[in-house]
Amino acid sequence: MKDKNFTGIPKELQPWEGFSREGQVVKISVDKRRYGKNVTIIEGIDPKDEDIYQIAKSLKRKVASGGTVKDGKRIELQGEHRQEAKKLLEEMGFKVEVA
C-alpha cells in the first residue's frame with residue numbers, strides 16, 4: 001500500500017504495513033556471466049507494492065557493490081552476495097529462498 005495514506009494515521013502505526021512483504025517469497029541466485037564474473041540475482045519483489053529501486057540502492061550500499069534493476073522486476077548485484085543479501089532482505093521483512 002505504497003503512498004496510500006487515506007486514514008490520517010502515521011505510516012509507522014498503520015496496521016497493514018508490512019503484510020505484503022511477509023507474503024512475498026524472494027529468490028536469490030547467482031549467475032556466471034562473461035569472463036567468469038558472478039552476478040547475484042534477486043527476484044520476486046513486487047514492484048507495485050515496494051520501491052524496488054530503493055531496495056536495490058540499499059542492498060548495493062550494504063554489500064559495497066554495483067548493480068542495477070532489470071525490467072523493473074529483478075535486482076542484479078555485481079559479485080557473489082547471496083548470504084549478505086539474504087540477511088538484509090530478511091531484516092527488511094521478506095521471506096527469502098537461496099538457490
# chains A, B, ... in the order shown; residues from 1 in each chain; ligands from 1
>>> residues_around(residues="A:Gly66", least_positions_apart="4", cutoff="10 Å", atoms="only C-alpha atoms", output="VMD selection string")
chain A and resid 56 to 57 59 to 61 76 to 79
>>> write_last_selection(atoms="N, CA and C atoms", output="PDB file, in the first residue's frame")
ATOM      1  N   ALA A  56      17.082  -1.812  -4.051  1.00  0.00           N
ATOM      2  CA  ALA A  56      18.344  -2.072  -4.752  1.00  0.00           C
ATOM      3  C   ALA A  56      19.433  -1.125  -4.266  1.00  0.00           C
ATOM      4  N   LYS A  57      19.085   0.131  -4.091  1.00  0.00           N
ATOM      5  CA  LYS A  57      20.059   1.124  -3.626  1.00  0.00           C
ATOM      6  C   LYS A  57      20.576   0.747  -2.237  1.00  0.00           C
ATOM      7  N   LEU A  59      20.601  -2.302  -0.873  1.00  0.00           N
ATOM      8  CA  LEU A  59      21.417  -3.519  -0.969  1.00  0.00           C
ATOM      9  C   LEU A  59      22.811  -3.211  -1.520  1.00  0.00           C
ATOM     10  N   LYS A  60      22.873  -2.383  -2.556  1.00  0.00           N
ATOM     11  CA  LYS A  60      24.167  -2.032  -3.141  1.00  0.00           C
ATOM     12  C   LYS A  60      25.054  -1.339  -2.122  1.00  0.00           C
ATOM     13  N   ARG A  61      24.460  -0.478  -1.329  1.00  0.00           N
ATOM     14  CA  ARG A  61      25.229   0.246  -0.318  1.00  0.00           C
ATOM     15  C   ARG A  61      25.731  -0.699   0.761  1.00  0.00           C
ATOM     16  N   GLU A  76      19.983  -6.959  -9.839  1.00  0.00           N
ATOM     17  CA  GLU A  76      21.235  -7.646 -10.118  1.00  0.00           C
ATOM     18  C   GLU A  76      22.351  -6.918  -9.398  1.00  0.00           C
ATOM     19  N   LEU A  77      23.105  -7.669  -8.579  1.00  0.00           N
ATOM     20  CA  LEU A  77      24.254  -7.127  -7.868  1.00  0.00           C
ATOM     21  C   LEU A  77      25.524  -7.737  -8.436  1.00  0.00           C
ATOM     22  N   GLN A  78      26.533  -6.918  -8.625  1.00  0.00           N
ATOM     23  CA  GLN A  78      27.798  -7.420  -9.148  1.00  0.00           C
ATOM     24  C   GLN A  78      28.511  -8.197  -8.054  1.00  0.00           C
ATOM     25  N   GLY A  79      28.869  -9.440  -8.360  1.00  0.00           N
ATOM     26  CA  GLY A  79      29.575 -10.285  -7.405  1.00  0.00           C
ATOM     27  C   GLY A  79      28.650 -11.301  -6.763  1.00  0.00           C
TER      28      GLY A  79
END
>>> select_by_dssp(residues="stretch 9-84 of chain A", states="alpha helix (DSSP H)", output="list in words")
Phe19, Ser20, Arg21, Glu22, Gly23, Ile52, Tyr53, Gln54, Ile55, Ala56, Lys57, Ser58, Leu59, Lys60, Arg61, Lys62, Val63, Arg82, Gln83 and Glu84 of chain A
>>> write_last_selection(atoms="N, CA and C atoms", output="PDB file, in the first residue's frame")
ATOM      1  N   PHE A  19       2.507  -6.327   5.686  1.00  0.00           N
ATOM      2  CA  PHE A  19       1.882  -7.588   5.345  1.00  0.00           C
ATOM      3  C   PHE A  19       2.278  -8.049   3.946  1.00  0.00           C
ATOM      4  N   SER A  20       2.442  -7.128   3.033  1.00  0.00           N
ATOM      5  CA  SER A  20       2.786  -7.506   1.670  1.00  0.00           C
ATOM      6  C   SER A  20       4.177  -8.135   1.615  1.00  0.00           C
ATOM      7  N   ARG A  21       5.072  -7.699   2.462  1.00  0.00           N
ATOM      8  CA  ARG A  21       6.424  -8.269   2.463  1.00  0.00           C
ATOM      9  C   ARG A  21       6.418  -9.701   2.981  1.00  0.00           C
ATOM     10  N   GLU A  22       5.578  -9.991   3.960  1.00  0.00           N
ATOM     11  CA  GLU A  22       5.537 -11.344   4.504  1.00  0.00           C
ATOM     12  C   GLU A  22       5.007 -12.339   3.493  1.00  0.00           C
ATOM     13  N   GLY A  23       4.142 -11.910   2.580  1.00  0.00           N
ATOM     14  CA  GLY A  23       3.549 -12.795   1.595  1.00  0.00           C
ATOM     15  C   GLY A  23       4.415 -13.031   0.378  1.00  0.00           C
ATOM     16  N   ILE A  52      11.280  -0.915  -5.608  1.00  0.00           N
ATOM     17  CA  ILE A  52      12.382  -1.823  -5.902  1.00  0.00           C
ATOM     18  C   ILE A  52      13.697  -1.071  -6.118  1.00  0.00           C
ATOM     19  N   TYR A  53      13.623   0.148  -6.612  1.00  0.00           N
ATOM     20  CA  TYR A  53      14.834   0.940  -6.821  1.00  0.00           C
ATOM     21  C   TYR A  53      15.461   1.345  -5.490  1.00  0.00           C
ATOM     22  N   GLN A  54      14.651   1.639  -4.495  1.00  0.00           N
ATOM     23  CA  GLN A  54      15.159   1.994  -3.171  1.00  0.00           C
ATOM     24  C   GLN A  54      15.748   0.763  -2.484  1.00  0.00           C
ATOM     25  N   ILE A  55      15.119  -0.398  -2.660  1.00  0.00           N
ATOM     26  CA  ILE A  55      15.652  -1.643  -2.085  1.00  0.00           C
ATOM     27  C   ILE A  55      16.989  -1.966  -2.727  1.00  0.00           C
ATOM     28  N   ALA A  56      17.082  -1.812  -4.051  1.00  0.00           N
ATOM     29  CA  ALA A  56      18.344  -2.072  -4.752  1.00  0.00           C
ATOM     30  C   ALA A  56      19.433  -1.125  -4.266  1.00  0.00           C
ATOM     31  N   LYS A  57      19.085   0.131  -4.091  1.00  0.00           N
ATOM     32  CA  LYS A  57      20.059   1.124  -3.626  1.00  0.00           C
ATOM     33  C   LYS A  57      20.576   0.747  -2.237  1.00  0.00           C
ATOM     34  N   SER A  58      19.672   0.317  -1.379  1.00  0.00           N
ATOM     35  CA  SER A  58      20.050  -0.083  -0.033  1.00  0.00           C
ATOM     36  C   SER A  58      20.961  -1.318  -0.055  1.00  0.00           C
ATOM     37  N   LEU A  59      20.601  -2.302  -0.873  1.00  0.00           N
ATOM     38  CA  LEU A  59      21.417  -3.519  -0.969  1.00  0.00           C
ATOM     39  C   LEU A  59      22.811  -3.211  -1.520  1.00  0.00           C
ATOM     40  N   LYS A  60      22.873  -2.383  -2.556  1.00  0.00           N
ATOM     41  CA  LYS A  60      24.167  -2.032  -3.141  1.00  0.00           C
ATOM     42  C   LYS A  60      25.054  -1.339  -2.122  1.00  0.00           C
ATOM     43  N   ARG A  61      24.460  -0.478  -1.329  1.00  0.00           N
ATOM     44  CA  ARG A  61      25.229   0.246  -0.318  1.00  0.00           C
ATOM     45  C   ARG A  61      25.731  -0.699   0.761  1.00  0.00           C
ATOM     46  N   LYS A  62      24.878  -1.636   1.204  1.00  0.00           N
ATOM     47  CA  LYS A  62      25.249  -2.538   2.298  1.00  0.00           C
ATOM     48  C   LYS A  62      26.324  -3.547   1.900  1.00  0.00           C
ATOM     49  N   VAL A  63      26.264  -4.048   0.655  1.00  0.00           N
ATOM     50  CA  VAL A  63      27.253  -5.054   0.242  1.00  0.00           C
ATOM     51  C   VAL A  63      28.438  -4.425  -0.488  1.00  0.00           C
ATOM     52  N   ARG A  82      25.062 -13.742  -2.000  1.00  0.00           N
ATOM     53  CA  ARG A  82      23.835 -14.439  -1.597  1.00  0.00           C
ATOM     54  C   ARG A  82      23.546 -14.323  -0.110  1.00  0.00           C
ATOM     55  N   GLN A  83      24.522 -14.625   0.716  1.00  0.00           N
ATOM     56  CA  GLN A  83      24.279 -14.644   2.163  1.00  0.00           C
ATOM     57  C   GLN A  83      24.039 -13.249   2.726  1.00  0.00           C
ATOM     58  N   GLU A  84      24.801 -12.266   2.250  1.00  0.00           N
ATOM     59  CA  GLU A  84      24.606 -10.895   2.731  1.00  0.00           C
ATOM     60  C   GLU A  84      23.235 -10.370   2.309  1.00  0.00           C
TER      61      GLU A  84
END
>>> residues_around(residues="stretch 35-41 of chain A", least_positions_apart="4", cutoff="10 Å", atoms="only C-alpha atoms", output="NGL selection string")
:A and (27-31 or 67-70 or 74-82 or 85)
>>> atom_distance(atom1="atom CA of A:Pro47", atom2="atom CA of A:Val26")
12.3 Å
>>> residues_around(residues="A:Met92", least_positions_apart="2", cutoff="10 Å", atoms="only C-alpha atoms", output="CSV table (one decimal) with N, CA and C atoms, in the first residue's frame")
chain,number,residue,atom,x,y,z
A,18,GLY,N,3.6,-3.8,6.0
A,18,GLY,CA,4.5,-4.9,6.2
A,18,GLY,C,3.8,-6.3,5.8
A,21,ARG,N,5.1,-7.7,2.5
A,21,ARG,CA,6.4,-8.3,2.5
A,21,ARG,C,6.4,-9.7,3.0
A,22,GLU,N,5.6,-10.0,4.0
A,22,GLU,CA,5.5,-11.3,4.5
A,22,GLU,C,5.0,-12.3,3.5
A,55,ILE,N,15.1,-0.4,-2.7
A,55,ILE,CA,15.7,-1.6,-2.1
A,55,ILE,C,17.0,-2.0,-2.7
A,86,LYS,N,20.6,-12.2,1.6
A,86,LYS,CA,19.5,-12.9,2.3
A,86,LYS,C,19.3,-12.3,3.7
A,87,LYS,N,20.4,-12.0,4.4
A,87,LYS,CA,20.4,-11.4,5.7
A,87,LYS,C,19.7,-10.0,5.7
A,88,LEU,N,20.1,-9.2,4.7
A,88,LEU,CA,19.5,-7.9,4.7
A,88,LEU,C,18.0,-7.9,4.3
A,89,LEU,N,17.6,-8.7,3.3
A,89,LEU,CA,16.2,-8.8,2.9
A,89,LEU,C,15.4,-9.4,4.1
A,90,GLU,N,15.9,-10.3,4.8
A,90,GLU,CA,15.1,-10.8,6.0
A,90,GLU,C,14.9,-9.8,7.0
A,94,PHE,N,11.2,-9.7,4.4
A,94,PHE,CA,10.9,-10.6,3.3
A,94,PHE,C,11.2,-12.0,3.7
A,95,LYS,N,10.4,-12.9,3.1
A,95,LYS,CA,10.8,-14.4,3.1
A,95,LYS,C,11.8,-14.6,2.0
>>> atom_distance(atom1="atom CA of A:Asp49", atom2="atom CA of A:Lys73")
11.5 Å
>>> atom_distance(atom1="atom CA of A:Val25", atom2="atom CA of A:Ile45")
7.6 Å
>>> select_by_dssp(residues="stretch 26-97 of chain A", states="strand (DSSP E)", output="list in words")
Val26, Lys27, Ile28, Ser29, Val30, Asp31, Lys32, Asn38, Val39, Thr40, Ile41, Ile42, Glu43, Gly67, Thr68, Val69, Lys70, Arg74, Ile75, Glu76, Leu77, Gln78, Lys95, Val96 and Glu97 of chain A
>>> write_last_selection(atoms="C-alpha atoms", output="compact mmCIF listing (two decimals), in the first residue's frame")
# COMPACT_ATOMS: atom_id res chain seq x y z
CA VAL A 26 12.13 -13.54 -2.75
CA LYS A 27 14.50 -15.85 -4.63
CA ILE A 28 18.25 -15.20 -4.66
CA SER A 29 20.53 -16.94 -7.15
CA VAL A 30 23.95 -16.45 -8.71
CA ASP A 31 24.60 -16.42 -12.44
CA LYS A 32 28.01 -16.65 -14.06
CA ASN A 38 29.37 -13.65 -10.90
CA VAL A 39 26.08 -11.74 -10.62
CA THR A 40 23.66 -12.11 -7.70
CA ILE A 41 20.07 -12.06 -8.98
CA ILE A 42 17.19 -11.17 -6.65
CA GLU A 43 13.68 -11.89 -7.97
CA GLY A 67 24.21 -3.29 -9.50
CA THR A 68 21.04 -2.46 -11.36
CA VAL A 69 17.30 -3.11 -11.63
CA LYS A 70 16.40 -5.03 -14.79
CA ARG A 74 14.77 -8.00 -10.86
CA ILE A 75 17.77 -6.70 -8.92
CA GLU A 76 21.24 -7.65 -10.12
CA LEU A 77 24.25 -7.13 -7.87
CA GLN A 78 27.80 -7.42 -9.15
CA LYS A 95 10.78 -14.36 3.12
CA VAL A 96 13.92 -15.42 1.27
CA GLU A 97 14.93 -18.58 -0.61
